[in-house]
file structure.txt (compact mmCIF, C-alpha atoms)
# COMPACT_ATOMS: atom_id res chain seq x y z
CA MET A 233 122.84 129.55 110.89
CA ASP A 234 125.09 126.93 109.31
CA LEU A 235 125.39 123.43 110.68
CA LYS A 236 128.83 123.83 112.24
CA SER A 237 127.78 126.94 114.15
CA LYS A 238 124.60 125.18 115.24
CA ILE A 239 126.63 122.22 116.56
CA LEU A 240 129.08 124.48 118.40
CA LYS A 241 126.23 126.48 119.91
CA GLU A 242 123.66 123.80 120.71
CA ALA A 243 125.17 120.31 120.71
CA LYS A 244 125.91 118.70 124.05
CA VAL A 245 128.54 116.11 124.85
CA PRO A 246 127.38 114.25 127.98
CA LYS A 247 130.31 111.86 127.63
CA GLU A 248 133.34 111.83 125.35
CA GLY A 249 132.35 110.65 121.88
CA ILE A 250 128.58 111.09 122.40
CA LEU A 251 127.28 114.08 120.45
CA LYS A 252 123.76 115.04 121.49
CA VAL A 253 121.97 117.14 118.88
CA ASP A 254 118.47 116.67 120.27
CA ASN A 255 117.91 120.40 120.04
CA PHE A 256 117.68 120.57 116.24
CA LEU A 257 117.95 117.10 114.69
CA ASN A 258 117.18 114.07 116.88
CA HIS A 259 114.21 115.08 119.01
CA GLN A 260 113.42 118.72 118.34
CA ILE A 261 113.81 119.59 114.65
CA ASP A 262 114.74 122.94 113.13
CA PRO A 263 112.73 122.87 109.87
CA GLU A 264 114.70 125.57 108.00
CA LEU A 265 117.96 123.81 108.88
CA MET A 266 116.57 120.54 107.50
CA MET A 267 115.85 122.25 104.16
CA SER A 268 119.30 123.78 104.11
CA ILE A 269 120.88 120.38 104.91
CA GLY A 270 118.69 118.82 102.23
CA ASN A 271 119.79 121.34 99.61
CA ASP A 272 123.46 120.97 100.49
CA LEU A 273 123.44 117.17 100.38
CA ALA A 274 121.38 117.21 97.17
CA ALA A 275 123.89 119.54 95.48
CA ARG A 276 126.76 117.23 96.42
CA LEU A 277 124.99 114.02 95.40
CA LYS A 278 122.85 114.97 92.42
CA HIS A 279 125.51 113.63 90.03
CA THR A 280 124.82 110.08 91.28
CA LYS A 281 121.42 110.33 89.51
CA PRO A 282 119.40 108.65 92.28
CA THR A 283 115.80 107.61 91.67
CA LYS A 284 114.93 107.09 95.33
CA ILE A 285 116.17 107.90 98.83
CA LEU A 286 116.44 105.38 101.66
CA THR A 287 116.83 106.24 105.34
CA VAL A 288 115.97 104.64 108.70
CA GLU A 289 113.27 105.87 111.04
CA ALA A 290 113.07 108.13 112.96
CA SER A 291 115.90 110.69 113.00
CA GLY A 292 116.83 110.11 109.37
CA ILE A 293 113.42 111.12 108.07
CA ALA A 294 113.66 114.91 108.40
CA PRO A 295 117.03 115.44 106.65
CA ALA A 296 116.15 112.75 104.08
CA LEU A 297 112.90 114.57 103.31
CA GLY A 298 114.94 117.73 102.72
CA VAL A 299 117.09 115.88 100.17
CA ALA A 300 114.07 114.19 98.57
CA LEU A 301 112.41 117.57 98.08
CA ALA A 302 115.53 119.10 96.57
CA LEU A 303 115.95 116.19 94.14
CA ASN A 304 112.21 115.66 93.60
CA ILE A 305 112.35 111.90 94.17
CA PRO A 306 110.50 109.67 96.67
CA LEU A 307 111.86 108.75 100.08
CA VAL A 308 111.55 105.36 101.79
CA PHE A 309 112.25 104.92 105.46
CA ALA A 310 113.24 101.52 106.80
CA LYS A 311 111.10 100.59 109.80
CA LYS A 312 112.37 99.33 113.12
CA SER A 313 109.39 97.06 113.72
CA LEU A 314 107.68 94.69 111.32
CA PRO A 315 104.87 96.60 109.57
CA SER A 316 101.59 94.78 110.31
CA THR A 317 100.59 95.18 106.67
CA MET A 318 103.90 94.08 105.11
CA ILE A 319 103.45 91.10 102.80
CA LYS A 320 106.92 90.62 101.30
CA GLY A 321 110.00 92.48 102.38
CA TYR A 322 113.61 92.57 103.44
CA GLN A 323 115.02 92.64 106.95
CA THR A 324 118.39 92.69 108.60
CA GLN A 325 119.84 93.17 112.08
CA VAL A 326 121.64 96.35 113.08
CA HIS A 327 123.73 96.95 116.18
CA SER A 328 123.24 100.33 117.83
CA PHE A 329 126.51 101.68 119.14
CA THR A 330 124.79 104.45 121.15
CA LYS A 331 122.10 102.25 122.71
CA LYS A 332 124.22 99.09 122.89
CA THR A 333 121.35 96.96 121.57
CA ASP A 334 120.49 95.14 118.36
CA TYR A 335 117.43 95.96 116.33
CA ASN A 336 115.96 94.85 113.03
CA ILE A 337 115.13 97.07 110.11
CA PHE A 338 112.46 96.27 107.53
CA VAL A 339 111.65 97.50 104.03
CA SER A 340 108.68 96.29 101.99
CA ALA A 341 109.72 94.64 98.73
CA GLU A 342 107.43 96.90 96.68
CA TYR A 343 109.48 99.99 97.64
CA LEU A 344 112.94 98.68 96.70
CA GLN A 345 113.11 97.16 93.29
CA LYS A 346 115.68 95.99 90.81
CA GLY A 347 116.92 98.82 88.62
CA GLU A 348 116.32 101.57 91.20
CA ARG A 349 119.24 103.86 92.01
CA ILE A 350 119.20 104.37 95.77
CA LEU A 351 120.73 107.27 97.66
CA ILE A 352 121.14 106.52 101.38
CA ILE A 353 120.71 109.49 103.71
CA ASP A 354 121.31 109.30 107.45
CA ASP A 355 121.68 111.75 110.32
CA PHE A 356 124.89 110.23 111.74
CA LEU A 357 127.80 108.14 110.61
CA ALA A 358 129.59 106.56 113.57
CA MET A 359 130.46 102.87 113.28
CA GLY A 360 128.50 102.56 110.03
CA ASN A 361 126.15 99.87 111.33
CA SER A 362 122.86 101.35 110.14
CA ILE A 363 124.38 102.18 106.74
CA VAL A 364 125.61 98.59 106.39
CA GLY A 365 122.10 97.42 107.31
CA MET A 366 120.63 99.53 104.52
CA LEU A 367 123.31 98.37 102.06
CA THR A 368 122.47 94.75 102.92
CA ILE A 369 118.78 95.33 102.22
CA ILE A 370 119.45 97.22 98.99
CA GLU A 371 121.70 94.42 97.75
CA GLU A 372 119.09 91.78 98.58
CA SER A 373 116.44 93.75 96.68
CA GLY A 374 118.48 93.94 93.49
CA ALA A 375 118.50 97.73 93.57
CA GLU A 376 121.78 99.65 93.51
CA CYS A 377 123.19 102.06 96.09
CA VAL A 378 124.63 105.00 94.13
CA GLY A 379 125.59 107.28 97.01
CA ILE A 380 125.55 107.94 100.73
CA GLY A 381 124.86 111.32 102.31
CA ILE A 382 125.47 111.97 106.00
CA VAL A 383 124.58 115.00 108.11
CA ILE A 384 127.20 114.50 110.85
CA GLU A 385 130.13 112.09 110.62
CA LYS A 386 132.21 111.21 113.66
CA THR A 387 135.60 110.73 112.07
CA PHE A 388 137.00 109.28 115.30
CA GLN A 389 134.86 106.20 114.70
CA ASN A 390 135.26 103.64 111.97
CA GLY A 391 132.18 104.10 109.77
CA ARG A 392 133.96 105.57 106.75
CA ASN A 393 136.36 102.62 106.50
CA VAL A 394 133.55 100.11 106.93
CA ILE A 395 131.62 101.70 104.07
CA LYS A 396 134.68 101.87 101.81
CA LYS A 397 134.75 98.06 101.81
CA TYR A 398 131.46 98.27 99.90
CA GLY A 399 133.12 100.46 97.26
CA LEU A 400 131.31 103.60 98.42
CA VAL A 401 132.57 106.90 99.80
CA PRO A 402 130.16 108.71 102.11
CA GLU A 403 129.52 112.42 101.57
CA SER A 404 129.32 114.08 104.99
CA LEU A 405 128.18 117.66 105.52
CA VAL A 406 130.11 118.00 108.74
CA LYS A 407 132.95 115.88 110.06
CA VAL A 408 133.42 115.94 113.82
CA SER A 409 136.92 114.85 114.76
CA LEU A 410 136.67 115.44 118.52
CA ALA A 411 133.73 115.55 120.91
CA THR A 412 134.44 116.02 124.60
CA PRO A 413 132.35 117.83 127.23
CA ASP A 414 134.75 120.78 126.85
CA LYS A 415 135.45 120.89 123.14
CA ILE A 416 134.06 119.97 119.75
CA GLU A 417 136.43 120.02 116.76
CA PHE A 418 135.81 119.62 113.04
CA GLU A 419 137.94 118.08 110.30
CA ASP A 420 138.74 120.13 107.14
CA MET B 75 97.70 115.38 92.84
CA ASP B 76 95.48 116.15 95.79
CA LEU B 77 95.27 113.91 98.83
CA LYS B 78 91.84 112.43 98.07
CA SER B 79 92.87 111.44 94.54
CA LYS B 80 96.09 109.98 95.91
CA ILE B 81 94.14 107.90 98.45
CA LEU B 82 91.68 106.67 95.82
CA LYS B 83 94.50 105.79 93.46
CA GLU B 84 97.15 104.37 95.79
CA ALA B 85 95.70 103.42 99.19
CA LYS B 86 95.04 99.74 99.86
CA VAL B 87 92.48 98.25 102.20
CA PRO B 88 93.73 94.78 103.14
CA LYS B 89 90.83 94.42 105.58
CA GLU B 90 87.76 96.55 106.26
CA GLY B 91 88.73 99.61 108.31
CA ILE B 92 92.49 99.30 107.69
CA LEU B 93 93.71 102.00 105.30
CA LYS B 94 97.23 101.30 104.04
CA VAL B 95 98.91 104.41 102.68
CA ASP B 96 102.45 103.01 102.72
CA ASN B 97 102.93 104.23 99.18
CA PHE B 98 103.11 107.94 99.99
CA LEU B 99 102.86 108.52 103.76
CA ASN B 100 103.73 105.63 106.09
CA HIS B 101 106.72 103.89 104.51
CA GLN B 102 107.43 105.51 101.17
CA ILE B 103 106.97 109.29 101.30
CA ASP B 104 105.95 111.62 98.48
CA PRO B 105 107.90 114.78 99.39
CA GLU B 106 105.86 117.25 97.31
CA LEU B 107 102.66 115.89 98.81
CA MET B 108 104.10 116.39 102.32
CA MET B 109 104.73 120.07 101.54
CA SER B 110 101.25 120.46 100.12
CA ILE B 111 99.74 118.75 103.20
CA GLY B 112 101.91 120.97 105.40
CA ASN B 113 100.74 124.14 103.67
CA ASP B 114 97.07 123.12 103.85
CA LEU B 115 97.18 122.22 107.54
CA ALA B 116 99.18 125.38 108.32
CA ALA B 117 96.60 127.56 106.56
CA ARG B 118 93.79 126.01 108.58
CA LEU B 119 95.60 126.17 111.93
CA LYS B 120 97.68 129.34 111.75
CA HIS B 121 95.02 131.25 113.72
CA THR B 122 95.80 129.12 116.80
CA LYS B 123 99.16 130.95 116.98
CA PRO B 124 101.26 127.88 117.83
CA THR B 125 104.87 128.26 118.94
CA LYS B 126 105.82 124.61 118.46
CA ILE B 127 104.60 121.42 116.78
CA LEU B 128 104.42 118.03 118.47
CA THR B 129 104.06 114.70 116.69
CA VAL B 130 105.00 111.05 117.33
CA GLU B 131 107.71 109.17 115.47
CA ALA B 132 107.90 107.93 112.80
CA SER B 133 105.02 108.50 110.36
CA GLY B 134 104.04 111.83 111.89
CA ILE B 135 107.43 113.42 111.21
CA ALA B 136 107.11 114.10 107.47
CA PRO B 137 103.71 115.85 107.47
CA ALA B 138 104.60 117.65 110.73
CA LEU B 139 107.80 118.93 109.13
CA GLY B 140 105.70 120.30 106.26
CA VAL B 141 103.53 122.22 108.74
CA ALA B 142 106.57 123.38 110.75
CA LEU B 143 108.16 124.78 107.59
CA ALA B 144 104.98 126.58 106.56
CA LEU B 145 104.59 128.14 110.02
CA ASN B 146 108.32 128.60 110.61
CA ILE B 147 108.27 127.05 114.09
CA PRO B 148 110.20 124.08 115.56
CA LEU B 149 108.92 120.54 115.58
CA VAL B 150 109.32 118.02 118.38
CA PHE B 151 108.69 114.32 117.86
CA ALA B 152 107.77 112.12 120.80
CA LYS B 153 109.97 109.04 120.86
CA LYS B 154 108.79 105.46 121.23
CA SER B 155 111.83 104.36 123.20
CA LEU B 156 113.54 106.08 126.09
CA PRO B 157 116.29 108.32 124.69
CA SER B 158 119.60 107.20 126.21
CA THR B 159 120.56 110.81 126.77
CA MET B 160 117.25 111.97 128.29
CA ILE B 161 117.70 113.43 131.75
CA LYS B 162 114.24 114.68 132.66
CA GLY B 163 111.13 114.06 130.63
CA TYR B 164 107.53 113.00 130.31
CA GLN B 165 106.17 109.62 129.34
CA THR B 166 102.83 107.95 128.90
CA GLN B 167 101.43 104.70 127.57
CA VAL B 168 99.58 104.52 124.26
CA HIS B 169 97.54 101.64 122.89
CA SER B 170 97.98 100.95 119.19
CA PHE B 171 94.71 99.97 117.59
CA THR B 172 96.40 98.79 114.37
CA LYS B 173 99.16 96.77 116.02
CA LYS B 174 97.12 95.70 119.07
CA THR B 175 99.99 96.47 121.42
CA ASP B 176 100.84 99.12 124.00
CA TYR B 177 103.87 101.36 123.70
CA ASN B 178 105.29 104.29 125.62
CA ILE B 179 106.02 107.72 124.25
CA PHE B 180 108.68 110.04 125.65
CA VAL B 181 109.40 113.76 125.38
CA SER B 182 112.36 115.48 127.05
CA ALA B 183 111.30 118.17 129.50
CA GLU B 184 113.51 120.77 127.82
CA TYR B 185 111.42 120.63 124.63
CA LEU B 186 107.97 121.12 126.17
CA GLN B 187 107.77 124.01 128.55
CA LYS B 188 105.18 126.06 130.37
CA GLY B 189 103.88 128.88 128.21
CA GLU B 190 104.45 127.12 124.89
CA ARG B 191 101.50 126.88 122.50
CA ILE B 192 101.59 123.39 121.04
CA LEU B 193 100.03 122.30 117.76
CA ILE B 194 99.70 118.51 117.50
CA ILE B 195 100.11 117.05 114.02
CA ASP B 196 99.56 113.37 113.24
CA ASP B 197 99.18 111.25 110.13
CA PHE B 198 96.04 109.42 111.27
CA LEU B 199 93.13 109.90 113.63
CA ALA B 200 91.44 106.58 114.39
CA MET B 201 90.63 105.87 118.05
CA GLY B 202 92.55 108.95 119.17
CA ASN B 203 94.97 107.05 121.38
CA SER B 204 98.21 108.66 120.23
CA ILE B 205 96.61 112.13 120.35
CA VAL B 206 95.45 111.50 123.93
CA GLY B 207 98.99 110.37 124.75
CA MET B 208 100.39 113.64 123.43
CA LEU B 209 97.70 115.67 125.23
CA THR B 210 98.62 113.90 128.49
CA ILE B 211 102.28 114.79 128.06
CA ILE B 212 101.53 118.40 127.09
CA GLU B 213 99.32 118.82 130.15
CA GLU B 214 101.98 117.37 132.44
CA SER B 215 104.56 119.78 131.00
CA GLY B 216 102.48 122.87 131.69
CA ALA B 217 102.39 123.78 127.99
CA GLU B 218 99.07 124.29 126.21
CA CYS B 219 97.64 122.40 123.24
CA VAL B 220 96.14 125.04 120.94
CA GLY B 221 95.17 122.84 118.00
CA ILE B 222 95.25 119.42 116.38
CA GLY B 223 95.89 118.81 112.69
CA ILE B 224 95.34 115.39 111.11
CA VAL B 225 96.19 114.18 107.62
CA ILE B 226 93.62 111.36 107.42
CA GLU B 227 90.75 110.88 109.84
CA LYS B 228 88.72 107.69 109.92
CA THR B 229 85.32 109.02 110.86
CA PHE B 230 84.01 105.49 111.42
CA GLN B 231 86.19 105.29 114.53
CA ASN B 232 85.78 107.26 117.72
CA GLY B 233 88.84 109.55 117.79
CA ARG B 234 86.97 112.82 117.20
CA ASN B 235 84.62 112.23 120.15
CA VAL B 236 87.49 111.21 122.42
CA ILE B 237 89.35 114.43 121.62
CA LYS B 238 86.24 116.59 122.10
CA LYS B 239 86.25 115.59 125.76
CA TYR B 240 89.51 117.55 126.01
CA GLY B 241 87.77 120.64 124.63
CA LEU B 242 89.53 120.39 121.27
CA VAL B 243 88.23 119.89 117.73
CA PRO B 244 90.65 118.20 115.33
CA GLU B 245 91.21 119.72 111.90
CA SER B 246 91.42 116.86 109.40
CA LEU B 247 92.50 117.32 105.79
CA VAL B 248 90.61 114.26 104.63
CA LYS B 249 87.84 112.36 106.37
CA VAL B 250 87.43 108.74 105.32
CA SER B 251 83.96 107.46 106.19
CA LEU B 252 84.25 104.02 104.62
CA ALA B 253 87.25 101.81 103.84
CA THR B 254 86.58 98.35 102.44
CA PRO B 255 88.68 96.33 99.97
CA ASP B 256 86.23 97.42 97.24
CA LYS B 257 85.46 101.01 98.12
CA ILE B 258 86.80 104.08 99.89
CA GLU B 259 84.38 106.92 100.66
CA PHE B 260 84.95 110.42 102.03
CA GLU B 261 82.82 112.60 104.26
CA ASP B 262 81.95 116.18 103.13

call {"tool": "encode", "arguments": {"input": "structure.txt", "output": "structure tokens"}}
result
Amino acid sequence: MDLKSKILKEAKVPKEGILKVDNFLNHQIDPELMMSIGNDLAARLKHTKPTKILTVEASGIAPALGVALALNIPLVFAKKSLPSTMIKGYQTQVHSFTKKTDYNIFVSAEYLQKGERILIIDDFLAMGNSIVGMLTIIEESGAECVGIGIVIEKTFQNGRNVIKKYGLVPESLVKVSLATPDKIEFED
Amino acid sequence: MDLKSKILKEAKVPKEGILKVDNFLNHQIDPELMMSIGNDLAARLKHTKPTKILTVEASGIAPALGVALALNIPLVFAKKSLPSTMIKGYQTQVHSFTKKTDYNIFVSAEYLQKGERILIIDDFLAMGNSIVGMLTIIEESGAECVGIGIVIEKTFQNGRNVIKKYGLVPESLVKVSLATPDKIEFED
């Protein structure tokens, strides 16, 4: 089943603007769908010649692993708590639109180095806050972000414009333009 | 490269008993290795006829996805914070040996149901605390745990004995019997 059909069939909208895809992406994971998502994003982003993928735990890991497999490059996930064994690393604060809280993300310095070409993969693009957090960390590390791949973009939020200020255009598999308890609509 | 070679080559032991495999499992992920781990654990545990996999975010997700793909069944990851959209669910407290803190894990009721045959997959088996947490949640849900697959077991800690009290024998890909800054040894 393709991603749009899966969203129409299984996503829930408890409140306008909140798209709950716990059934196959954010809590329960459909493994075949993750590989299909990984292949699709890899095909669209291969030309950026990435050497490494960066995502944020936990929901980003499964689709990012699909892309990493398709491109045969390693994957790094930013952590939401300070790793007890981290010696030197980067951290920045991210605001969660869904949870209305701030959290920090951490990446060990040894896994983001100058000269690396980083492809960011994330499950959602809403306000762009977690992407900006990753961009901040990549910049601090001296690595370069060469592309951004998103599973589901909410085009009724501002993430795409926020990211454009960094000179990057996100590649989104599916663009949701409306999410209400009665109706989900796609752009394109 | 097989898992033992990878551990000997890339694992770090900052302190006796602490095995840091951030380079390919817990922070940076080697995607091919995850598929190989997934295939190996699936081959050993297929006979338990699982209908679903359960793991805990975040480090369990990648190897569990490998197993889920090999067995073609869905994967559920227990969350470490209460999902904002969770209506009914199970929760229990887990003590982290490595981080010396307690945390809660959560699973939505809709993803663990009576009659389901659950295979637990986790990256590490040390004291067994996170496995016991998952077993507690599975029991509360009315589902059945049919098997436990572990990537790296530390046999110098008590996890295996703790799990045996639940009538289950973990299947571990690699058993580390000694981890010091100078030397890592395997059992078998």

call {"tool": "residues_near_point", "arguments": {"input": "structure.txt", "point": "(97.5, 127.7, 115.8)", "cutoff": "12 Å", "atoms": "all atoms listed in the file", "output": "MDAnalysis selection string"}}
result
chainID B and resid 115:127 141:142 144:145 147 190:195 218:223 244:245

call {"tool": "residues_around", "arguments": {"input": "structure.txt", "residues": "range 270-272 of chain A", "least_positions_apart": "6", "cutoff": "12 Å", "atoms": "all atoms listed in the file", "output": "count of residues only"}}
result
30

call {"tool": "atom_distance", "arguments": {"input": "structure.txt", "atom1": "CA of Leu307 in chain A", "atom2": "CA of Ile261 in chain A"}}
result
18.3 Å

call {"tool": "atom_distance", "arguments": {"input": "structure.txt", "atom1": "CA of Ser409 in chain A", "atom2": "CA of Thr159 in chain B"}}
result
20.7 Å

call {"tool": "atom_distance", "arguments": {"input": "structure.txt", "atom1": "CA of Glu227 in chain B", "atom2": "CA of Asp104 in chain B"}}
result
19.0 Å

call {"tool": "closest_residue", "arguments": {"input": "structure.txt", "among": "B:Met109, B:Asp96, B:Gly91, B:Pro148", "to": "chain A", "atoms": "all atoms listed in the file"}}
result
B:Pro148

call {"tool": "closest_residue", "arguments": {"input": "structure.txt", "among": "B:Ser110, B:Asn100, B:Ser215, B:Ser79", "to": "Tyr185 in chain B", "atoms": "only C-alpha atoms"}}
result
B:Ser215

call {"tool": "residues_around", "arguments": {"input": "structure.txt", "residues": "Leu314 in chain A", "least_positions_apart": "5", "cutoff": "12 Å", "atoms": "only C-alpha atoms", "output": "count of residues only"}}
result
14
